Amino acid sequence: MARHLLLLAIAAAAGASPLAAQKPPPPVARPQTQPQAQTPADSKTAGKVFRPATAAQPAAPAAQPAAPAAQPVAQPAAQVTPQAAHPSPSPAAFTAGLAMPSYAGATSDAALDYAARFGRLLDSAIVTLVDIFRNTSGLPMEGASDPTALSQRERDRWSRCRNVYWDLTTFASAVQTMGRTLPADPTLQHAAAALDSAFAASQAVAECDNVASMVAAPDRWTPWHDQYQTAAQHFYRDFYAQVREVHERDRAFVNALNGVLPQARRIPVPPGLQRNPPYAGAAPGD
């Protein structure tokens, strides 16, 4: 019996040895699975969205210059002054009551009505300007060294001329608007363009504003005598021929406008001005 038990113990020890040989290898084999988790480049989305942290870091400096570039854009807005936002009043506040209002219509009939008013009112403004200097000498006062040498009538004459001058500037602006709103009639468009050119060539009337400023603020004009003589001579020599040309272009414009207006809405063509200046002793001309 004891011998039988001994044989069983030997057999059990012999069977346990193959089971020990079949155990899995130690963990040294596990690193073989790690490369599979470290190679996202094999994935189809690796090049679209997902980037390694080392690849994303160089991209950060590329975005940094955008911050300094945005600063100069914001700085000028903070530097806007009240003077820039609210410009000083225009000298066009001077008026003789003959200014042409800005066009505010939206139809072809409104444009034609505006043009008819333009033609009549421009005639009135030019006739008023010419009458201011009717029967004057047509020369600046000799030896005037300051405004006190001018008579009150003379000072008032330049002040009235300045007011009409600023009214005339509103017509120069309005004629450009009319050219864009009037019907596409070749004759009418040509007449409007010629009137615009005549306004651009009329420069001497601006001397009224200069001389009126010399009278009101003589300290700002030095030497006063020389500047007064230069401005007044320029005005008296050139103003009439220039405003007469504007008036002639206005008459041609009204005539062309009547060609597109219905019979009942046509306006009289203004009579022409005499050829010579209205100074004392000057022949009227034709």
# chains A, B, ... in the order shown; residues from 1 in each chain; ligands from 1

$ closest_atom_pairs --of "region 225-257 of chain A" --to "region 126-138 of chain A" --cutoff "12 Å" --atoms "only C-alpha atoms" --output "Markdown table"
| residue | atom | partner | partner_atom | distance |
| --- | --- | --- | --- | --- |
| A:Ala232 | CA | A:Gly138 | CA | 9.0 |
| A:Gln233 | CA | A:Gly138 | CA | 8.4 |
| A:His234 | CA | A:Gly138 | CA | 10.5 |
| A:Phe235 | CA | A:Gly138 | CA | 8.9 |
| A:Tyr236 | CA | A:Gly138 | CA | 5.4 |
| A:Arg237 | CA | A:Gly138 | CA | 7.8 |
| A:Asp238 | CA | A:Gly138 | CA | 10.6 |
| A:Phe239 | CA | A:Val130 | CA | 9.3 |
| A:Tyr240 | CA | A:Val130 | CA | 7.5 |
| A:Ala241 | CA | A:Val130 | CA | 10.8 |
| A:Gln242 | CA | A:Ile126 | CA | 10.7 |
| A:Val243 | CA | A:Ile126 | CA | 6.9 |
| A:Arg244 | CA | A:Ile126 | CA | 8.1 |
| A:Glu245 | CA | A:Ile126 | CA | 10.6 |
| A:Val246 | CA | A:Ile126 | CA | 8.6 |
| A:His247 | CA | A:Ile126 | CA | 7.1 |
| A:Glu248 | CA | A:Ile126 | CA | 10.8 |
| A:Asp250 | CA | A:Ile126 | CA | 10.3 |
| A:Arg251 | CA | A:Ile126 | CA | 11.9 |

$ residues_around --residues "Ala206 (chain A)" --least-positions-apart "6" --cutoff "9 Å" --atoms "only C-alpha atoms" --output "JSON list (two decimals) with C-alpha atoms, in the first residue's frame"
[["chain", "number", "residue", "atom", "x", "y", "z"],
["A", 162, "ARG", "CA", -19.82, 138.25, -50.95],
["A", 165, "TYR", "CA", -20.93, 134.86, -54.41],
["A", 166, "TRP", "CA", -21.73, 132.20, -51.83],
["A", 235, "PHE", "CA", -12.52, 141.39, -59.72]]

$ atom_distance --atom1 "CA of Gln274 (chain A)" --atom2 "CA of Asp123 (chain A)"
13.7 Å

$ atom_distance --atom1 "CA of Leu112 (chain A)" --atom2 "CA of Gln203 (chain A)"
28.4 Å

$ residues_around --residues "Gln176 (chain A)" --least-positions-apart "3" --cutoff "7 Å" --atoms "only C-alpha atoms" --output "JSON, numbers by chain"
{"A": [173, 179, 196]}

$ write_last_selection --atoms "C-alpha atoms" --output "mmCIF file, in the first residue's frame"
data_model
loop_
_atom_site.group_PDB
_atom_site.id
_atom_site.type_symbol
_atom_site.label_atom_id
_atom_site.label_comp_id
_atom_site.auth_asym_id
_atom_site.auth_seq_id
_atom_site.Cartn_x
_atom_site.Cartn_y
_atom_site.Cartn_z
ATOM 1 C CA SER A 173 -22.808 122.274 -57.035
ATOM 2 C CA GLY A 179 -26.503 116.332 -65.107
ATOM 3 C CA ASP A 196 -20.810 123.404 -65.538
#

$ closest_residue --among "A:Asn210, A:Gln227, A:Ser102, A:Ser151" --to "Met178 (chain A)" --atoms "only C-alpha atoms"
A:Ser102

$ residues_around --residues "Asp185 (chain A)" --least-positions-apart "5" --cutoff "12 Å" --atoms "only C-alpha atoms" --output "list of chain:residue names"
A:Gly179, A:Arg180, A:His190, A:Ala191, A:Ala192, A:Phe253, A:Ala256, A:Leu257, A:Asn258, A:Gly259, A:Val260, A:Leu261

$ write_last_selection --atoms "all heavy atoms" --output "short mmCIF file (atom, residue, chain, number, x, y, z; two decimals), in the first residue's frame"
data_model
loop_
_atom_site.label_atom_id
_atom_site.label_comp_id
_atom_site.auth_asym_id
_atom_site.auth_seq_id
_atom_site.Cartn_x
_atom_site.Cartn_y
_atom_site.Cartn_z
N GLY A 179 -26.98 117.12 -63.98
CA GLY A 179 -26.50 116.33 -65.11
C GLY A 179 -26.76 114.85 -64.95
O GLY A 179 -26.88 114.13 -65.95
N ARG A 180 -26.86 114.39 -63.70
CA ARG A 180 -27.10 112.96 -63.44
C ARG A 180 -28.58 112.62 -63.34
O ARG A 180 -28.94 111.45 -63.37
CB ARG A 180 -26.39 112.53 -62.16
CG ARG A 180 -24.87 112.72 -62.20
CD ARG A 180 -24.21 112.07 -60.99
NE ARG A 180 -24.60 112.73 -59.74
CZ ARG A 180 -23.92 113.73 -59.19
NH1 ARG A 180 -22.83 114.20 -59.77
NH2 ARG A 180 -24.31 114.26 -58.05
N HIS A 190 -25.74 118.34 -73.12
CA HIS A 190 -24.64 119.18 -73.58
C HIS A 190 -24.75 120.58 -72.97
O HIS A 190 -23.73 121.16 -72.57
CB HIS A 190 -24.65 119.27 -75.10
CG HIS A 190 -23.60 120.20 -75.66
ND1 HIS A 190 -22.27 119.88 -75.72
CD2 HIS A 190 -23.71 121.47 -76.16
CE1 HIS A 190 -21.59 120.89 -76.24
NE2 HIS A 190 -22.44 121.87 -76.51
N ALA A 191 -25.96 121.11 -72.88
CA ALA A 191 -26.15 122.43 -72.30
C ALA A 191 -25.79 122.44 -70.82
O ALA A 191 -25.19 123.40 -70.32
CB ALA A 191 -27.60 122.88 -72.50
N ALA A 192 -26.14 121.38 -70.11
CA ALA A 192 -25.78 121.29 -68.68
C ALA A 192 -24.27 121.20 -68.50
O ALA A 192 -23.70 121.81 -67.60
CB ALA A 192 -26.48 120.09 -68.05
N PHE A 253 -29.21 126.66 -71.59
CA PHE A 253 -29.75 125.53 -70.83
C PHE A 253 -31.27 125.60 -70.75
O PHE A 253 -31.96 124.59 -70.94
CB PHE A 253 -29.14 125.51 -69.43
CG PHE A 253 -29.72 124.47 -68.52
CD1 PHE A 253 -29.38 123.14 -68.66
CD2 PHE A 253 -30.63 124.82 -67.52
CE1 PHE A 253 -29.92 122.16 -67.82
CE2 PHE A 253 -31.17 123.86 -66.70
CZ PHE A 253 -30.81 122.53 -66.84
N ALA A 256 -32.76 124.61 -74.05
CA ALA A 256 -32.74 123.16 -74.25
C ALA A 256 -33.74 122.47 -73.35
O ALA A 256 -34.36 121.46 -73.74
CB ALA A 256 -31.34 122.62 -73.99
N LEU A 257 -33.91 122.98 -72.13
CA LEU A 257 -34.88 122.39 -71.21
C LEU A 257 -36.29 122.52 -71.76
O LEU A 257 -37.10 121.58 -71.66
CB LEU A 257 -34.77 123.09 -69.85
CG LEU A 257 -35.73 122.63 -68.75
CD1 LEU A 257 -35.46 121.17 -68.38
CD2 LEU A 257 -35.59 123.52 -67.52
N ASN A 258 -36.62 123.66 -72.36
CA ASN A 258 -37.95 123.84 -72.94
C ASN A 258 -38.21 122.85 -74.07
O ASN A 258 -39.37 122.53 -74.38
CB ASN A 258 -38.10 125.27 -73.46
CG ASN A 258 -38.32 126.26 -72.35
OD1 ASN A 258 -38.79 125.91 -71.26
ND2 ASN A 258 -37.98 127.53 -72.58
N GLY A 259 -37.13 122.35 -74.66
CA GLY A 259 -37.30 121.38 -75.74
C GLY A 259 -37.80 120.03 -75.25
O GLY A 259 -38.33 119.25 -76.06
N VAL A 260 -37.65 119.72 -73.97
CA VAL A 260 -38.13 118.45 -73.44
C VAL A 260 -39.33 118.64 -72.50
O VAL A 260 -39.94 117.64 -72.09
CB VAL A 260 -37.00 117.70 -72.70
CG1 VAL A 260 -35.85 117.40 -73.65
CG2 VAL A 260 -36.51 118.50 -71.51
N LEU A 261 -39.63 119.88 -72.14
CA LEU A 261 -40.78 120.13 -71.26
C LEU A 261 -42.06 120.20 -72.08
O LEU A 261 -42.06 120.66 -73.23
CB LEU A 261 -40.60 121.46 -70.51
CG LEU A 261 -39.61 121.48 -69.34
CD1 LEU A 261 -39.43 122.92 -68.85
CD2 LEU A 261 -40.10 120.59 -68.21
#

$ atom_distance --atom1 "CA of Phe94 (chain A)" --atom2 "CA of Asn163 (chain A)"
4.9 Å

$ closest_residue --among "A:Ala204, A:Ala212, A:Ala282, A:Val164" --to "Ala99 (chain A)" --atoms "only C-alpha atoms"
A:Val164

$ closest_residue --among "A:Ala125, A:Ala115, A:Leu139, A:Ala110" --to "Ile267 (chain A)" --atoms "only C-alpha atoms"
A:Ala115
